[in-house]
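Text of the file protein-v3.cif, holding mmCIF, C-alpha atoms:
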```cif
data_entry
loop_
_atom_site.label_atom_id
_atom_site.label_comp_id
_atom_site.auth_asym_id
_atom_site.auth_seq_id
_atom_site.Cartn_x
_atom_site.Cartn_y
_atom_site.Cartn_z
CA MET A 1 5.49 7.35 1.66
CA LEU A 2 4.24 10.42 -0.18
CA ALA A 3 7.59 12.15 0.41
CA SER A 4 9.42 9.15 -1.06
CA GLY A 5 7.34 9.33 -4.21
CA LEU A 6 7.74 13.06 -4.65
CA ALA A 7 11.48 12.86 -3.94
CA GLY A 8 11.95 10.19 -6.60
CA SER A 9 13.36 7.63 -4.21
CA ARG A 10 12.99 4.26 -5.91
CA GLY A 11 13.63 2.46 -2.63
CA GLY A 12 10.75 4.46 -1.17
CA TRP A 13 8.43 3.37 -3.98
CA ILE A 14 9.16 -0.29 -3.29
CA ALA A 15 8.45 0.21 0.41
CA VAL A 16 4.98 1.64 -0.17
CA PRO A 17 3.10 -1.68 -0.79
CA PRO A 18 4.42 -3.54 2.31
CA MET A 19 3.84 -0.47 4.48
CA LEU A 20 0.28 -0.20 3.18
CA TRP A 21 -0.17 -3.91 3.91
CA ALA A 22 0.95 -3.29 7.52
CA LEU A 23 -1.54 -0.43 7.76
CA HIS A 24 -4.34 -2.56 6.34
CA HIS A 25 -3.41 -5.52 8.55
CA VAL A 26 -4.22 -3.47 11.65
CA LEU A 27 -6.89 -0.99 10.55
CA GLY A 28 -8.46 -2.81 7.61
CA ARG A 29 -11.29 -4.24 9.72
CA TYR A 30 -12.43 -0.70 10.49
CA TRP A 31 -12.68 0.25 6.81
CA ALA A 32 -15.91 -0.12 4.87
CA GLN A 33 -15.71 -1.81 1.48
CA ARG A 34 -16.47 1.48 -0.25
CA PHE A 35 -13.57 3.15 1.56
CA ARG A 36 -11.19 0.35 0.57
CA LEU A 37 -12.15 0.63 -3.08
CA GLY A 38 -11.84 4.39 -2.93
CA LEU A 39 -8.41 4.13 -1.31
CA VAL A 40 -7.14 1.74 -3.98
CA GLY A 41 -8.60 3.88 -6.75
CA GLY A 42 -7.13 7.01 -5.22
CA LEU A 43 -3.68 5.46 -5.01
CA VAL A 44 -3.86 4.32 -8.63
CA VAL A 45 -4.94 7.78 -9.82
CA PHE A 46 -2.31 9.46 -7.66
CA SER A 47 0.41 7.17 -9.06
CA LEU A 48 -0.68 7.86 -12.63
CA VAL A 49 -0.67 11.61 -11.99
CA LEU A 50 2.84 11.42 -10.52
CA TYR A 51 3.99 9.44 -13.52
CA GLY A 52 2.24 11.68 -16.04
CA LEU A 53 3.44 15.04 -14.76
CA PRO A 54 6.99 15.77 -15.99
CA ALA A 55 7.60 18.16 -13.09
CA THR A 56 7.53 15.30 -10.57
CA GLY A 57 10.39 13.47 -12.27
CA VAL A 58 8.74 10.11 -11.58
CA LYS A 59 8.49 9.10 -15.25
CA ALA A 60 12.15 9.90 -15.80
CA ARG A 61 13.13 7.82 -12.77
CA VAL A 62 10.98 4.89 -13.85
CA ASP A 63 12.31 5.01 -17.40
CA LYS A 64 15.88 5.21 -16.10
CA THR A 65 15.31 2.20 -13.85
CA VAL A 66 13.95 0.12 -16.73
CA GLU A 67 16.86 1.19 -18.94
CA GLU A 68 19.43 0.36 -16.23
CA MET A 69 17.87 -3.07 -15.66
CA SER A 70 18.02 -3.80 -19.39
CA ASN A 71 21.63 -2.61 -19.59
CA LEU A 72 22.57 -4.68 -16.55
CA VAL A 73 21.50 -7.81 -18.41
CA ALA A 74 22.94 -6.85 -21.78
CA GLN A 75 26.06 -4.97 -20.64
CA PRO A 76 26.78 -5.71 -16.96
CA GLU A 77 30.14 -3.92 -17.13
CA GLU A 78 28.53 -0.60 -18.11
CA PRO A 79 28.57 1.80 -15.12
CA SER A 80 25.18 2.83 -13.73
CA SER A 81 23.65 3.33 -10.31
CA LEU A 82 22.16 -0.16 -10.49
CA SER A 83 25.29 -1.96 -11.74
CA ILE A 84 27.39 -0.20 -9.09
CA ARG A 85 24.98 -1.33 -6.37
CA VAL A 86 25.06 -4.92 -7.62
CA ALA A 87 28.86 -4.86 -7.62
CA LEU A 88 28.86 -3.42 -4.08
CA TRP A 89 26.50 -6.16 -2.88
CA GLN A 90 28.60 -8.88 -4.50
CA GLY A 91 31.78 -7.44 -3.03
CA ALA A 92 30.27 -6.99 0.43
CA LEU A 93 29.01 -10.58 0.44
CA GLN A 94 32.44 -11.88 -0.54
CA LEU A 95 34.09 -9.77 2.18
CA ALA A 96 31.56 -11.01 4.73
CA LEU A 97 32.32 -14.62 3.82
CA GLU A 98 36.07 -13.95 4.13
CA ARG A 99 35.76 -12.75 7.73
CA PRO A 100 32.27 -13.79 8.84
CA VAL A 101 32.83 -13.50 12.59
CA LEU A 102 34.66 -10.21 13.09
CA GLY A 103 34.13 -8.41 9.78
CA HIS A 104 36.64 -6.14 8.06
CA GLY A 105 35.98 -2.85 9.82
CA ALA A 106 35.53 0.48 8.07
CA ASP A 107 39.04 0.72 6.62
CA GLY A 108 39.14 -2.97 5.74
CA PHE A 109 35.88 -2.67 3.84
CA ALA A 110 37.29 0.03 1.53
CA GLN A 111 40.54 -1.88 1.09
CA GLY A 112 38.64 -5.07 0.36
CA MET A 113 36.56 -3.35 -2.29
CA GLU A 114 39.74 -2.02 -3.84
CA ARG A 115 41.17 -5.52 -3.90
CA LEU A 116 38.06 -7.31 -5.17
CA ASN A 117 36.83 -4.96 -7.84
CA THR A 118 38.55 -1.63 -8.18
CA ARG A 119 36.53 -0.39 -11.12
CA LEU A 120 33.44 -0.90 -13.22
CA ALA A 121 34.50 -0.72 -16.88
CA SER A 122 37.06 2.09 -17.20
CA ASP A 123 35.12 4.82 -15.44
CA THR A 124 37.18 6.20 -12.55
CA ASP A 125 34.02 7.69 -11.01
CA SER A 126 32.74 4.12 -10.55
CA LYS A 127 35.61 3.06 -8.30
CA LEU A 128 34.02 0.86 -5.66
CA SER A 129 36.52 1.68 -2.93
CA LYS A 130 35.12 5.21 -2.71
CA PHE A 131 31.96 3.80 -1.09
CA TRP A 132 32.33 3.40 2.66
CA HIS A 133 29.23 1.22 3.08
CA ALA A 134 27.61 -1.56 1.08
CA HIS A 135 24.35 0.21 0.19
CA GLN A 136 22.49 -2.66 1.87
CA ASP A 137 21.99 -2.70 5.63
CA LEU A 138 22.42 -6.40 6.36
CA LEU A 139 25.43 -6.88 4.08
CA ASP A 140 26.97 -3.71 5.43
CA ALA A 141 26.60 -4.77 9.06
CA TRP A 142 27.97 -8.26 8.38
CA SER A 143 30.88 -7.31 6.13
CA ARG A 144 32.10 -4.41 8.30
CA ARG A 145 31.25 -5.51 11.85
CA GLY A 146 30.79 -9.27 11.68
CA ILE A 147 28.03 -11.83 12.13
CA LEU A 148 26.92 -10.55 15.54
CA ALA A 149 26.18 -7.16 13.98
CA GLY A 150 24.13 -8.87 11.27
CA VAL A 151 22.18 -10.89 13.84
CA GLY A 152 21.76 -7.76 15.95
CA LEU A 153 20.26 -5.94 12.98
CA LEU A 154 17.74 -8.75 12.43
CA ILE A 155 16.82 -8.61 16.14
CA LEU A 156 16.44 -4.84 15.87
CA TYR A 157 13.87 -5.38 13.12
CA ALA A 158 12.18 -8.33 14.81
CA ILE A 159 11.54 -6.82 18.25
CA PRO A 160 9.15 -4.04 17.15
CA LEU A 161 7.56 -6.23 14.47
CA LEU A 162 6.75 -8.99 16.95
CA TYR A 163 5.71 -6.58 19.70
CA PHE A 164 3.25 -4.60 17.63
CA ALA A 165 1.99 -7.65 15.73
CA ARG A 166 1.07 -9.40 19.01
CA GLN A 167 -0.84 -6.47 20.46
CA ASN A 168 -4.63 -6.65 20.38
CA CYS A 169 -6.37 -3.38 21.08
CA ARG A 170 -9.54 -3.69 19.03
CA ALA A 171 -11.59 -1.63 21.43
CA ARG A 172 -9.39 1.46 21.07
CA ILE A 173 -8.95 2.78 17.56
CA SER A 174 -6.39 5.40 18.68
CA VAL A 175 -4.13 2.71 20.09
CA GLU A 176 -4.66 0.56 17.01
CA ALA A 177 -3.46 3.49 14.91
CA ALA A 178 -0.28 3.64 17.01
CA ARG A 179 0.15 -0.11 16.52
CA ALA A 180 -0.15 0.31 12.75
CA ALA A 181 2.52 3.01 12.84
CA GLY A 182 4.73 0.75 14.93
CA LEU A 183 4.48 -1.98 12.31
CA MET A 184 5.02 0.36 9.38
CA VAL A 185 8.32 1.78 10.66
CA PRO A 186 10.40 -1.44 10.74
CA THR A 187 8.63 -2.67 7.62
CA GLY A 188 9.68 0.45 5.76
CA PHE A 189 13.24 0.35 7.10
CA ILE A 190 13.65 -3.29 6.09
CA VAL A 191 12.71 -2.45 2.51
CA PHE A 192 14.71 0.80 2.45
CA GLY A 193 17.69 -1.16 3.75
CA LEU A 194 17.63 -3.53 0.78
CA SER A 195 19.10 -0.86 -1.48
CA TYR A 196 20.82 1.55 0.93
CA SER A 197 22.62 1.40 4.29
CA PHE A 198 20.39 3.78 6.25
CA LEU A 199 21.40 2.33 9.61
CA ALA A 200 25.09 2.87 8.84
CA TYR A 201 24.44 6.52 9.76
CA PRO A 202 23.85 7.62 13.37
CA VAL A 203 20.93 9.77 12.21
CA GLY A 204 19.37 6.70 10.58
CA VAL A 205 19.54 4.79 13.87
CA ALA A 206 18.15 7.79 15.74
CA VAL A 207 15.21 8.15 13.35
CA PHE A 208 14.42 4.43 13.53
CA ALA A 209 14.56 4.42 17.34
CA THR A 210 12.46 7.57 17.68
CA TRP A 211 9.74 6.43 15.30
CA VAL A 212 9.53 3.06 17.08
CA ILE A 213 9.60 4.45 20.62
CA ILE A 214 6.78 6.94 20.05
CA PRO A 215 4.08 4.38 19.11
CA TRP A 216 5.56 1.94 21.65
CA CYS A 217 4.94 4.48 24.43
CA LEU A 218 1.35 4.92 23.24
CA MET A 219 0.60 1.23 23.69
CA PRO A 220 -1.22 0.23 26.94
CA SER A 221 0.72 -1.70 29.52
CA ARG A 222 -1.90 -4.44 29.22
CA PRO A 223 -3.56 -4.83 25.82
CA SER A 224 -7.34 -4.65 26.06
#
```
In structure tokens, what does this structure look like?
Amino acid sequence: MLASGLAGSRGGWIAVPPMLWALHHVLGRYWAQRFRLGLVGGLVVFSLVLYGLPATGVKARVDKTVEEMSNLVAQPEEPSSLSIRVALWQGALQLALERPVLGHGADGFAQGMERLNTRLASDTDSKLSKFWHAHQDLLDAWSRRGILAGVGLLILYAIPLLYFARQNCRARISVEAARAAGLMVPTGFIVFGLSYSFLAYPVGVAVFATWVIIPWCLMPSRPS
């Protein structure tokens, strides 16, 4: 979470609150009221410091996001990182609905983007067909590999979420910490995947699997 903030990843910023909720859901009962207030205050101060220091680049990223959102409403044809993503999502959804069962495949996805919306405005650098994934995990899986891939992705998220949510290890704080980590990983990936196709990359799948397996292995065979 800290790395996402320092790196300027806006998708990482959005993931911070739900990941903190997952952490609090498991470990919150162990925290004194004073600690909770201090944690909230510390996060607020830390966020303000990140925003206030030009060297972090956070203020520039926030200002750019606000500007792009305003331009998207006023001038939706104007190329920007946000308008390009919206166009990719719209195109991927249309492609998914055209071939919902089997999908278009990797080559078909690029060709479909070329056919649906070859450009944003007149900027050749905004050509949608140059993007090989949809910048959204669920839409990418469905449009390129079909409905079974989309359902499989939802199952991939659901299995660790349900497993760690159903564990009850109140007597062992170390195991509870592992359970919190197990909940935070899919929670973070779900939010990250709303604005980028992390699981379209083999390394993304490997990171997800590794970070889920480690806390899974730390869980007792029979919850206490």
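Using all atoms listed in the file for every distance, the candidate list A:Gly193, A:Arg36, A:Pro202, A:Gly52 yields A:Arg36 as the residue closest to Leu20 in chain A.
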Inset, instruction - On this file, the PyMOL selection byres ((chain A and resi 185) around 8) gives some set of residues; write that set as a ChimeraX atom specification. - result: /A:19,181-184,186-189,208,211-212
Written file, previous selection with C-alpha atoms, as a PDB file, in the coordinates of the input:
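part-v1.pdb, written as the output of this step:
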```
ATOM      1  CA  MET A  19       3.840  -0.470   4.480  1.00  0.00           C
ATOM      2  CA  ALA A 181       2.520   3.010  12.840  1.00  0.00           C
ATOM      3  CA  GLY A 182       4.730   0.750  14.930  1.00  0.00           C
ATOM      4  CA  LEU A 183       4.480  -1.980  12.310  1.00  0.00           C
ATOM      5  CA  MET A 184       5.020   0.360   9.380  1.00  0.00           C
ATOM      6  CA  PRO A 186      10.400  -1.440  10.740  1.00  0.00           C
ATOM      7  CA  THR A 187       8.630  -2.670   7.620  1.00  0.00           C
ATOM      8  CA  GLY A 188       9.680   0.450   5.760  1.00  0.00           C
ATOM      9  CA  PHE A 189      13.240   0.350   7.100  1.00  0.00           C
ATOM     10  CA  PHE A 208      14.420   4.430  13.530  1.00  0.00           C
ATOM     11  CA  TRP A 211       9.740   6.430  15.300  1.00  0.00           C
ATOM     12  CA  VAL A 212       9.530   3.060  17.080  1.00  0.00           C
TER      13      VAL A 212
END
```
Taking the file as I've supplied it (selection: the PyMOL selection byres ((chain A and resi 130-134) around 10)), which residues are included? Please answer as a ChimeraX atom specification.
/A:85-93,106-111,113-114,118,125-129,135-144,195-198,200-201
Just-selected residues, C-alpha atoms written as an mmCIF file, keeping the file's coordinate frame:
```
data_model
loop_
_atom_site.group_PDB
_atom_site.id
_atom_site.type_symbol
_atom_site.label_atom_id
_atom_site.label_comp_id
_atom_site.auth_asym_id
_atom_site.auth_seq_id
_atom_site.Cartn_x
_atom_site.Cartn_y
_atom_site.Cartn_z
ATOM 1 C CA ARG A 85 24.980 -1.330 -6.370
ATOM 2 C CA VAL A 86 25.060 -4.920 -7.620
ATOM 3 C CA ALA A 87 28.860 -4.860 -7.620
ATOM 4 C CA LEU A 88 28.860 -3.420 -4.080
ATOM 5 C CA TRP A 89 26.500 -6.160 -2.880
ATOM 6 C CA GLN A 90 28.600 -8.880 -4.500
ATOM 7 C CA GLY A 91 31.780 -7.440 -3.030
ATOM 8 C CA ALA A 92 30.270 -6.990 0.430
ATOM 9 C CA LEU A 93 29.010 -10.580 0.440
ATOM 10 C CA ALA A 106 35.530 0.480 8.070
ATOM 11 C CA ASP A 107 39.040 0.720 6.620
ATOM 12 C CA GLY A 108 39.140 -2.970 5.740
ATOM 13 C CA PHE A 109 35.880 -2.670 3.840
ATOM 14 C CA ALA A 110 37.290 0.030 1.530
ATOM 15 C CA GLN A 111 40.540 -1.880 1.090
ATOM 16 C CA MET A 113 36.560 -3.350 -2.290
ATOM 17 C CA GLU A 114 39.740 -2.020 -3.840
ATOM 18 C CA THR A 118 38.550 -1.630 -8.180
ATOM 19 C CA ASP A 125 34.020 7.690 -11.010
ATOM 20 C CA SER A 126 32.740 4.120 -10.550
ATOM 21 C CA LYS A 127 35.610 3.060 -8.300
ATOM 22 C CA LEU A 128 34.020 0.860 -5.660
ATOM 23 C CA SER A 129 36.520 1.680 -2.930
ATOM 24 C CA HIS A 135 24.350 0.210 0.190
ATOM 25 C CA GLN A 136 22.490 -2.660 1.870
ATOM 26 C CA ASP A 137 21.990 -2.700 5.630
ATOM 27 C CA LEU A 138 22.420 -6.400 6.360
ATOM 28 C CA LEU A 139 25.430 -6.880 4.080
ATOM 29 C CA ASP A 140 26.970 -3.710 5.430
ATOM 30 C CA ALA A 141 26.600 -4.770 9.060
ATOM 31 C CA TRP A 142 27.970 -8.260 8.380
ATOM 32 C CA SER A 143 30.880 -7.310 6.130
ATOM 33 C CA ARG A 144 32.100 -4.410 8.300
ATOM 34 C CA SER A 195 19.100 -0.860 -1.480
ATOM 35 C CA TYR A 196 20.820 1.550 0.930
ATOM 36 C CA SER A 197 22.620 1.400 4.290
ATOM 37 C CA PHE A 198 20.390 3.780 6.250
ATOM 38 C CA ALA A 200 25.090 2.870 8.840
ATOM 39 C CA TYR A 201 24.440 6.520 9.760
#
```
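The coordinates place CA of Ile155 in chain A at 22.9 Å from CA of Pro17 in chain A.
Remark: for Leu43 in chain A, the closest of the candidate residues A:Val101, A:Val16, A:Leu154, A:Ile159 is A:Val16 (distances computed over only C-alpha atoms).
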re CA of Ile14 in chain A and CA of Asp63 in chain A: distance 15.4 Å
Could you list, as an NGL selection string, every residue matched by the PyMOL selection byres ((chain A and resi 218-222) around 10) in this structure?
:A and (164 or 167-169 or 174-179 or 182 or 213-217 or 223-224)
Write the residues you've just listed into a file as a PDB file, in the coordinates of the input, and include C-alpha atoms for each of them.
```pdb
ATOM      1  CA  PHE A 164       3.250  -4.600  17.630  1.00  0.00           C
ATOM      2  CA  GLN A 167      -0.840  -6.470  20.460  1.00  0.00           C
ATOM      3  CA  ASN A 168      -4.630  -6.650  20.380  1.00  0.00           C
ATOM      4  CA  CYS A 169      -6.370  -3.380  21.080  1.00  0.00           C
ATOM      5  CA  SER A 174      -6.390   5.400  18.680  1.00  0.00           C
ATOM      6  CA  VAL A 175      -4.130   2.710  20.090  1.00  0.00           C
ATOM      7  CA  GLU A 176      -4.660   0.560  17.010  1.00  0.00           C
ATOM      8  CA  ALA A 177      -3.460   3.490  14.910  1.00  0.00           C
ATOM      9  CA  ALA A 178      -0.280   3.640  17.010  1.00  0.00           C
ATOM     10  CA  ARG A 179       0.150  -0.110  16.520  1.00  0.00           C
ATOM     11  CA  GLY A 182       4.730   0.750  14.930  1.00  0.00           C
ATOM     12  CA  ILE A 213       9.600   4.450  20.620  1.00  0.00           C
ATOM     13  CA  ILE A 214       6.780   6.940  20.050  1.00  0.00           C
ATOM     14  CA  PRO A 215       4.080   4.380  19.110  1.00  0.00           C
ATOM     15  CA  TRP A 216       5.560   1.940  21.650  1.00  0.00           C
ATOM     16  CA  CYS A 217       4.940   4.480  24.430  1.00  0.00           C
ATOM     17  CA  PRO A 223      -3.560  -4.830  25.820  1.00  0.00           C
ATOM     18  CA  SER A 224      -7.340  -4.650  26.060  1.00  0.00           C
TER      19      SER A 224
END
```
As a check of understanding: the span from CA of Ala206 in chain A to CA of Leu95 in chain A is 27.3 Å
Shortest interatomic distance to Ile147 in chain A - which of A:Leu48, A:Leu23, A:Leu102, A:Val205, counting all atoms listed in the file: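 Once distances to Ile147 in chain A are computed over all atoms listed in the file, the minimum belongs to A:Leu102.
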Nearest to Arg29 in chain A, restricted to all atoms listed in the file and choosing among A:Ala149, A:Ile173, A:Val191, A:Leu162, comes out as A:Ile173
